[in-house]
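**Q** Below: one structure in structure tokens.
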Amino acid sequence: MTPPRGFEPPPYPFHRLGDVEKLARAHDGGMVDCSVGTPCDPPPEFVLQAMASSGTERGYPESAGSAALRRAASEWMGRRFGVEIGIDGVSACVGTKEFVASVAQYLHLRDPERDVVLYPAVSYPTYAMGALLAGCRAVPVPPRSADGSGLALERIDPGDAARALALWSNSPSNPTGGLDDLGAAAAWGRAHGVPVLSDECYCEFTWRGPARSILEHGTEGVLAVHSLSKRSNLAGARVGFYAGDPEIVRYLTELRRHAGLMVPGPVQAGAVAALGDDRHVAEQRARYLERLDFMAASLSAADCPAGLPEGSFYLWVPVPESLGDGWALAEELARHGGLLVSPGEFYGPDAARHVRVAVVQPMERLALAAERLASSGWSAAR
């Protein structure tokens, strides 16, 4: 008897890069992996020391995060955005991807009549996957800009708005690097009674103007989601937090406590140290800006124009007319430069004519890829 089949998860996007990866690995000196936004620089030594000496290994950690962690997050938001968020409006999560993937199911329990999750049409795929895992409809919001950035809120179908469980925003955007109008998103959510979830994990790498948060527009009906993975090179530690409307934070904290979601105690101690220091973030900003400038110039020299983003550490590169789509450009960059990038299709069907380049590799590795492209004589225009 054949067992019944329910939901079948699609292939994980980056696992589809196998054939392109083989082309990149064939080069002497190996592949230069700019496909995934995995930090390659070391975390601060004082953060590692805080983890090693916390003495918190034996007991269960507080699911919401220790008072010290929530206070550190509150103080950081005060320094960075000029907002006052009490620790009752802050709670920890086990890395923000976990939160993004799970929050829809918890909000659906809170309001079962609503079953639509709105998210940017060109975006990190976990927003849509979180909706599917919750048994909800994932509805993309058209972009404001031609490159796929922003939310065209006026184009949301009224029927979808009436059934919306949440609206996701992401600024600076992954993958486009664009900045959105977070005040407009907050106002739309309040007008329609829809919680707005603002993924702000790249806010420290904002290049056009200061870092910004939806919390600058009040906390009613909104949550800002923040990660230490990018700002402090702690992706392997899995620690982040969400902050905003105290009632939504309380509700989610209680549910997550029942689910046993806890950031390990030593990691919480490291996060306190990391959030208390801005100097290492300034140093990381300088590294990423140097790499963005270098790779944008290198790709442009190969007739593959790449403009600098408004934020994030990604180059969102349009596919030249001479090539078909993002897969074709990804293959060319792998073949001629040993450079592995992400086809835009990973971020939605509207993104198929782009590739995303994550400038996470050290300068010497990026320079190797650039030298290969130059010496091969490859041009995207041919």
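To be explicit about the labels: the chains of the structure tokens are called A, B, and onward in the order shown, and within each one the residues are counted from 1, while ligands get numbers from 1 in the order they are shown.
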Sorted by chain and rising residue number, which residues of segment 300-360 of chain A lie within 10 Å of segment 109-123 of chain A, and what are their closest atom pairs and distances in Å to one decimal, counting only C-alpha atoms, as CSV?

**A**
residue,atom,partner,partner_atom,distance
A:Gly344,CA,A:Val122,CA,8.8
A:Glu345,CA,A:Val122,CA,9.1
A:Phe346,CA,A:Ser123,CA,8.6
A:Tyr347,CA,A:Ser123,CA,5.0
A:Gly348,CA,A:Val122,CA,5.3
A:Pro349,CA,A:Val122,CA,7.9
A:Asp350,CA,A:Val122,CA,6.5
A:Ala351,CA,A:Val122,CA,6.2
A:Ala352,CA,A:Val122,CA,9.7

**Q** Write the residues you've just listed into a file as a PDB file, in the first residue's frame, and include N, CA and C atoms for each of them.

**A**
ATOM      1  N   GLY A 344      19.420  34.516  -9.688  1.00  0.00           N
ATOM      2  CA  GLY A 344      18.335  35.291  -9.102  1.00  0.00           C
ATOM      3  C   GLY A 344      17.058  34.515  -8.883  1.00  0.00           C
ATOM      4  N   GLU A 345      16.860  33.442  -9.641  1.00  0.00           N
ATOM      5  CA  GLU A 345      15.647  32.633  -9.505  1.00  0.00           C
ATOM      6  C   GLU A 345      15.428  32.145  -8.071  1.00  0.00           C
ATOM      7  N   PHE A 346      16.521  32.001  -7.321  1.00  0.00           N
ATOM      8  CA  PHE A 346      16.391  31.560  -5.930  1.00  0.00           C
ATOM      9  C   PHE A 346      15.516  32.518  -5.122  1.00  0.00           C
ATOM     10  N   TYR A 347      15.402  33.752  -5.562  1.00  0.00           N
ATOM     11  CA  TYR A 347      14.731  34.803  -4.783  1.00  0.00           C
ATOM     12  C   TYR A 347      13.386  35.197  -5.390  1.00  0.00           C
ATOM     13  N   GLY A 348      12.858  34.335  -6.262  1.00  0.00           N
ATOM     14  CA  GLY A 348      11.541  34.567  -6.835  1.00  0.00           C
ATOM     15  C   GLY A 348      11.596  34.632  -8.351  1.00  0.00           C
ATOM     16  N   PRO A 349      10.498  34.277  -9.016  1.00  0.00           N
ATOM     17  CA  PRO A 349      10.478  34.262 -10.488  1.00  0.00           C
ATOM     18  C   PRO A 349      10.737  35.628 -11.103  1.00  0.00           C
ATOM     19  N   ASP A 350      10.397  36.705 -10.384  1.00  0.00           N
ATOM     20  CA  ASP A 350      10.640  38.048 -10.916  1.00  0.00           C
ATOM     21  C   ASP A 350      12.122  38.414 -10.924  1.00  0.00           C
ATOM     22  N   ALA A 351      12.959  37.570 -10.314  1.00  0.00           N
ATOM     23  CA  ALA A 351      14.387  37.881 -10.172  1.00  0.00           C
ATOM     24  C   ALA A 351      15.262  37.053 -11.102  1.00  0.00           C
ATOM     25  N   ALA A 352      14.672  36.367 -12.059  1.00  0.00           N
ATOM     26  CA  ALA A 352      15.415  35.394 -12.865  1.00  0.00           C
ATOM     27  C   ALA A 352      16.523  36.021 -13.701  1.00  0.00           C
TER      28      ALA A 352
END

**Q** Which residues are near Ala184 of chain A? Cut-off 10 Å, only C-alpha atoms, ignore same chain within fewer than 2 positions. Put them as a list in words.

**A**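 Those residues are Leu151, Leu153, Asp180, Asp181, Leu182, Ala186, Ala187, Trp188, Gly189, Arg190, Ile214 and His217 of chain A.
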
**Q** Include C-alpha atoms and write out the residues we just selected as a CSV table (one decimal), in the first residue's frame.

**A**
chain,number,residue,atom,x,y,z
A,151,LEU,CA,7.0,46.8,-1.3
A,153,LEU,CA,1.8,48.3,-0.8
A,180,ASP,CA,12.4,50.3,1.8
A,181,ASP,CA,10.0,52.8,3.4
A,182,LEU,CA,9.6,51.2,6.8
A,186,ALA,CA,4.1,50.2,9.6
A,187,ALA,CA,1.3,52.6,8.7
A,188,TRP,CA,-0.2,50.1,6.2
A,189,GLY,CA,-0.1,47.3,8.9
A,190,ARG,CA,-1.8,49.5,11.5
A,214,ILE,CA,10.7,50.1,11.8
A,217,HIS,CA,7.9,54.6,13.7

**Q** Write down as a list in words the residues of segment 174-213 of chain A whose backbone DSSP state falls under strand (DSSP E or B).

**A**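 Residues of segment 174-213 of chain A classed as strand (DSSP E or B): Val196, Leu197, Ser198, Asp199 and Thr206 of chain A.
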
**Q** Residues near segment 54-62 of chain A, anyone? I mean within 8 Å using only C-alpha atoms, not counting same-chain ones fewer than 3 positions away, as number ranges by chain.

**A** A: 50-51, 65-66, 262-266, 269

**Q** Need to verify the contact set: Met363 of chain A, 12 Å, only C-alpha atoms, exclusion of same-chain residues closer than 2 positions in sequence. Can you return it as a PyMOL selection string?

**A** chain A and resi 32+34+40-41+287-295+359-361+365-371

**Q** Go ahead and save the picked residues with N, CA and C atoms, as a CSV table (one decimal), in the first residue's frame.

**A**
chain,number,residue,atom,x,y,z
A,32,VAL,N,35.9,30.3,-5.6
A,32,VAL,CA,35.7,31.4,-4.8
A,32,VAL,C,34.2,31.5,-4.5
A,34,CYS,N,31.0,32.9,-3.5
A,34,CYS,CA,30.2,34.1,-3.1
A,34,CYS,C,28.7,33.8,-3.3
A,40,CYS,N,32.9,35.0,6.5
A,40,CYS,CA,34.2,34.3,6.5
A,40,CYS,C,35.2,35.0,7.4
A,41,ASP,N,34.9,36.1,8.0
A,41,ASP,CA,35.8,36.8,8.9
A,41,ASP,C,35.6,36.3,10.3
A,287,ARG,N,35.5,46.5,5.8
A,287,ARG,CA,35.8,45.3,5.0
A,287,ARG,C,34.8,45.1,3.8
A,288,TYR,N,33.5,45.1,4.2
A,288,TYR,CA,32.5,44.8,3.2
A,288,TYR,C,32.5,45.9,2.1
A,289,LEU,N,32.6,47.2,2.6
A,289,LEU,CA,32.6,48.2,1.6
A,289,LEU,C,33.7,48.2,0.6
A,290,GLU,N,34.9,47.8,1.1
A,290,GLU,CA,36.1,47.6,0.2
A,290,GLU,C,35.8,46.5,-0.8
A,291,ARG,N,35.2,45.4,-0.3
A,291,ARG,CA,34.9,44.3,-1.2
A,291,ARG,C,33.8,44.6,-2.2
A,292,LEU,N,32.8,45.3,-1.8
A,292,LEU,CA,31.8,45.7,-2.7
A,292,LEU,C,32.3,46.6,-3.8
A,293,ASP,N,33.1,47.6,-3.5
A,293,ASP,CA,33.7,48.4,-4.5
A,293,ASP,C,34.6,47.6,-5.5
A,294,PHE,N,35.4,46.7,-4.9
A,294,PHE,CA,36.3,46.0,-5.8
A,294,PHE,C,35.5,45.1,-6.7
A,295,MET,N,34.6,44.3,-6.2
A,295,MET,CA,33.9,43.4,-7.1
A,295,MET,C,33.0,44.1,-8.1
A,359,VAL,N,29.8,39.3,-1.1
A,359,VAL,CA,31.2,39.6,-1.0
A,359,VAL,C,31.8,39.2,0.3
A,360,VAL,N,31.6,38.0,0.7
A,360,VAL,CA,32.0,37.5,2.0
A,360,VAL,C,33.4,37.0,2.0
A,361,GLN,N,34.0,36.7,0.9
A,361,GLN,CA,35.3,36.1,0.9
A,361,GLN,C,36.4,37.2,1.1
A,365,ARG,N,40.9,36.3,-2.1
A,365,ARG,CA,40.1,35.4,-2.9
A,365,ARG,C,39.3,36.1,-3.9
A,366,LEU,N,38.8,37.2,-3.6
A,366,LEU,CA,38.0,38.0,-4.6
A,366,LEU,C,39.0,38.5,-5.7
A,367,ALA,N,40.2,38.9,-5.3
A,367,ALA,CA,41.2,39.3,-6.3
A,367,ALA,C,41.6,38.1,-7.3
A,368,LEU,N,41.6,36.9,-6.7
A,368,LEU,CA,41.9,35.7,-7.6
A,368,LEU,C,40.8,35.5,-8.6
A,369,ALA,N,39.5,35.6,-8.2
A,369,ALA,CA,38.4,35.5,-9.2
A,369,ALA,C,38.5,36.6,-10.2
A,370,ALA,N,38.8,37.8,-9.8
A,370,ALA,CA,38.9,39.0,-10.7
A,370,ALA,C,40.0,38.8,-11.7
A,371,GLU,N,41.1,38.3,-11.2
A,371,GLU,CA,42.3,38.1,-12.1
A,371,GLU,C,42.0,37.0,-13.1

**Q** Excluding Val90 of chain A and its own-chain neighbours fewer than 4 positions away, which residues fall within 6 Å of it when counting only C-alpha atoms? Please give them as a list of chain:residue names.

**A** A:Arg70, A:Tyr242, A:Ala243

**Q** Grab the residues selected above and save them as a tab-separated table (two decimals), in the first residue's frame with N, CA and C atoms.

**A**
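Output file again_23.tsv is given in full below:
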chain	number	residue	atom	x	y	z
A	70	ARG	N	18.65	40.79	26.96
A	70	ARG	CA	17.57	41.69	26.52
A	70	ARG	C	17.93	43.14	26.80
A	242	TYR	N	14.01	39.46	18.57
A	242	TYR	CA	12.93	40.24	17.97
A	242	TYR	C	12.44	41.22	19.02
A	243	ALA	N	11.97	42.37	18.56
A	243	ALA	CA	11.61	43.44	19.49
A	243	ALA	C	10.50	44.27	18.89

**Q** What is the distance, in Å and to one decimal place, between atom CA of Ala235 of chain A and atom CA of Pro43 of chain A?

**A**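 Atom-to-atom, atom CA of Ala235 of chain A and atom CA of Pro43 of chain A are spaced 9.5 Å apart.
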
**Q** So which residues of segment 207-283 of chain A fall under alpha helix (DSSP H) by DSSP, listed as a list in words?

**A**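 Result set for segment 207-283 of chain A (alpha helix (DSSP H)): Pro246, Glu247, Ile248, Val249, Arg250, Tyr251, Leu252, Thr253, Glu254, Leu255, Arg256, Arg257, His258, Gly265, Pro266, Val267, Gln268, Ala269, Gly270, Ala271, Val272, Ala273, Ala274, Leu275, Arg279, His280, Val281, Ala282 and Glu283 of chain A.
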
**Q** Export N, CA and C atoms of the chosen residues as a compact mmCIF listing (two decimals), in the first residue's frame?

**A**
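As written to disk, again13.txt reads:
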# COMPACT_ATOMS: atom_id res chain seq x y z
N PRO A 246 4.91 44.97 22.72
CA PRO A 246 5.09 44.09 23.89
C PRO A 246 4.09 42.94 23.95
N GLU A 247 2.87 43.14 23.47
CA GLU A 247 1.88 42.07 23.52
C GLU A 247 2.23 40.95 22.55
N ILE A 248 2.68 41.31 21.34
CA ILE A 248 3.08 40.27 20.39
C ILE A 248 4.33 39.57 20.89
N VAL A 249 5.26 40.31 21.44
CA VAL A 249 6.48 39.70 21.99
C VAL A 249 6.11 38.74 23.11
N ARG A 250 5.21 39.15 24.01
CA ARG A 250 4.79 38.27 25.12
C ARG A 250 4.19 36.99 24.59
N TYR A 251 3.27 37.10 23.63
CA TYR A 251 2.59 35.94 23.07
C TYR A 251 3.59 34.96 22.45
N LEU A 252 4.45 35.48 21.61
CA LEU A 252 5.41 34.61 20.94
C LEU A 252 6.41 34.00 21.92
N THR A 253 6.81 34.77 22.92
CA THR A 253 7.75 34.26 23.92
C THR A 253 7.15 33.08 24.66
N GLU A 254 5.88 33.18 25.04
CA GLU A 254 5.24 32.08 25.77
C GLU A 254 5.13 30.83 24.90
N LEU A 255 4.72 30.99 23.64
CA LEU A 255 4.64 29.84 22.76
C LEU A 255 6.01 29.20 22.54
N ARG A 256 7.00 30.03 22.32
CA ARG A 256 8.34 29.53 22.04
C ARG A 256 8.93 28.85 23.29
N ARG A 257 8.53 29.31 24.46
CA ARG A 257 8.97 28.65 25.70
C ARG A 257 8.43 27.22 25.74
N HIS A 258 7.14 27.05 25.37
CA HIS A 258 6.55 25.70 25.34
C HIS A 258 7.24 24.82 24.31
N GLY A 265 23.10 29.14 26.87
CA GLY A 265 23.58 30.14 27.82
C GLY A 265 24.91 30.76 27.44
N PRO A 266 25.93 29.96 27.07
CA PRO A 266 27.21 30.57 26.68
C PRO A 266 27.07 31.49 25.47
N VAL A 267 26.21 31.13 24.54
CA VAL A 267 26.00 31.98 23.36
C VAL A 267 25.34 33.30 23.77
N GLN A 268 24.40 33.23 24.71
CA GLN A 268 23.78 34.47 25.20
C GLN A 268 24.83 35.40 25.81
N ALA A 269 25.76 34.81 26.56
CA ALA A 269 26.83 35.64 27.16
C ALA A 269 27.67 36.29 26.07
N GLY A 270 27.98 35.54 25.01
CA GLY A 270 28.73 36.11 23.91
C GLY A 270 27.96 37.22 23.21
N ALA A 271 26.64 37.04 23.07
CA ALA A 271 25.82 38.05 22.42
C ALA A 271 25.78 39.35 23.22
N VAL A 272 25.77 39.24 24.55
CA VAL A 272 25.81 40.44 25.40
C VAL A 272 27.08 41.23 25.10
N ALA A 273 28.20 40.53 25.03
CA ALA A 273 29.48 41.20 24.75
C ALA A 273 29.47 41.83 23.36
N ALA A 274 28.95 41.10 22.37
CA ALA A 274 28.94 41.60 20.99
C ALA A 274 28.05 42.82 20.84
N LEU A 275 26.88 42.79 21.45
CA LEU A 275 25.95 43.92 21.32
C LEU A 275 26.47 45.16 22.04
N ARG A 279 32.73 48.91 17.88
CA ARG A 279 33.98 49.08 17.14
C ARG A 279 34.19 47.96 16.13
N HIS A 280 33.94 46.70 16.54
CA HIS A 280 34.18 45.59 15.62
C HIS A 280 33.23 45.64 14.43
N VAL A 281 32.04 46.23 14.64
CA VAL A 281 31.09 46.37 13.54
C VAL A 281 31.59 47.40 12.53
N ALA A 282 32.15 48.49 13.03
CA ALA A 282 32.72 49.50 12.13
C ALA A 282 33.85 48.91 11.29
N GLU A 283 34.66 48.05 11.91
CA GLU A 283 35.74 47.40 11.17
C GLU A 283 35.19 46.46 10.09
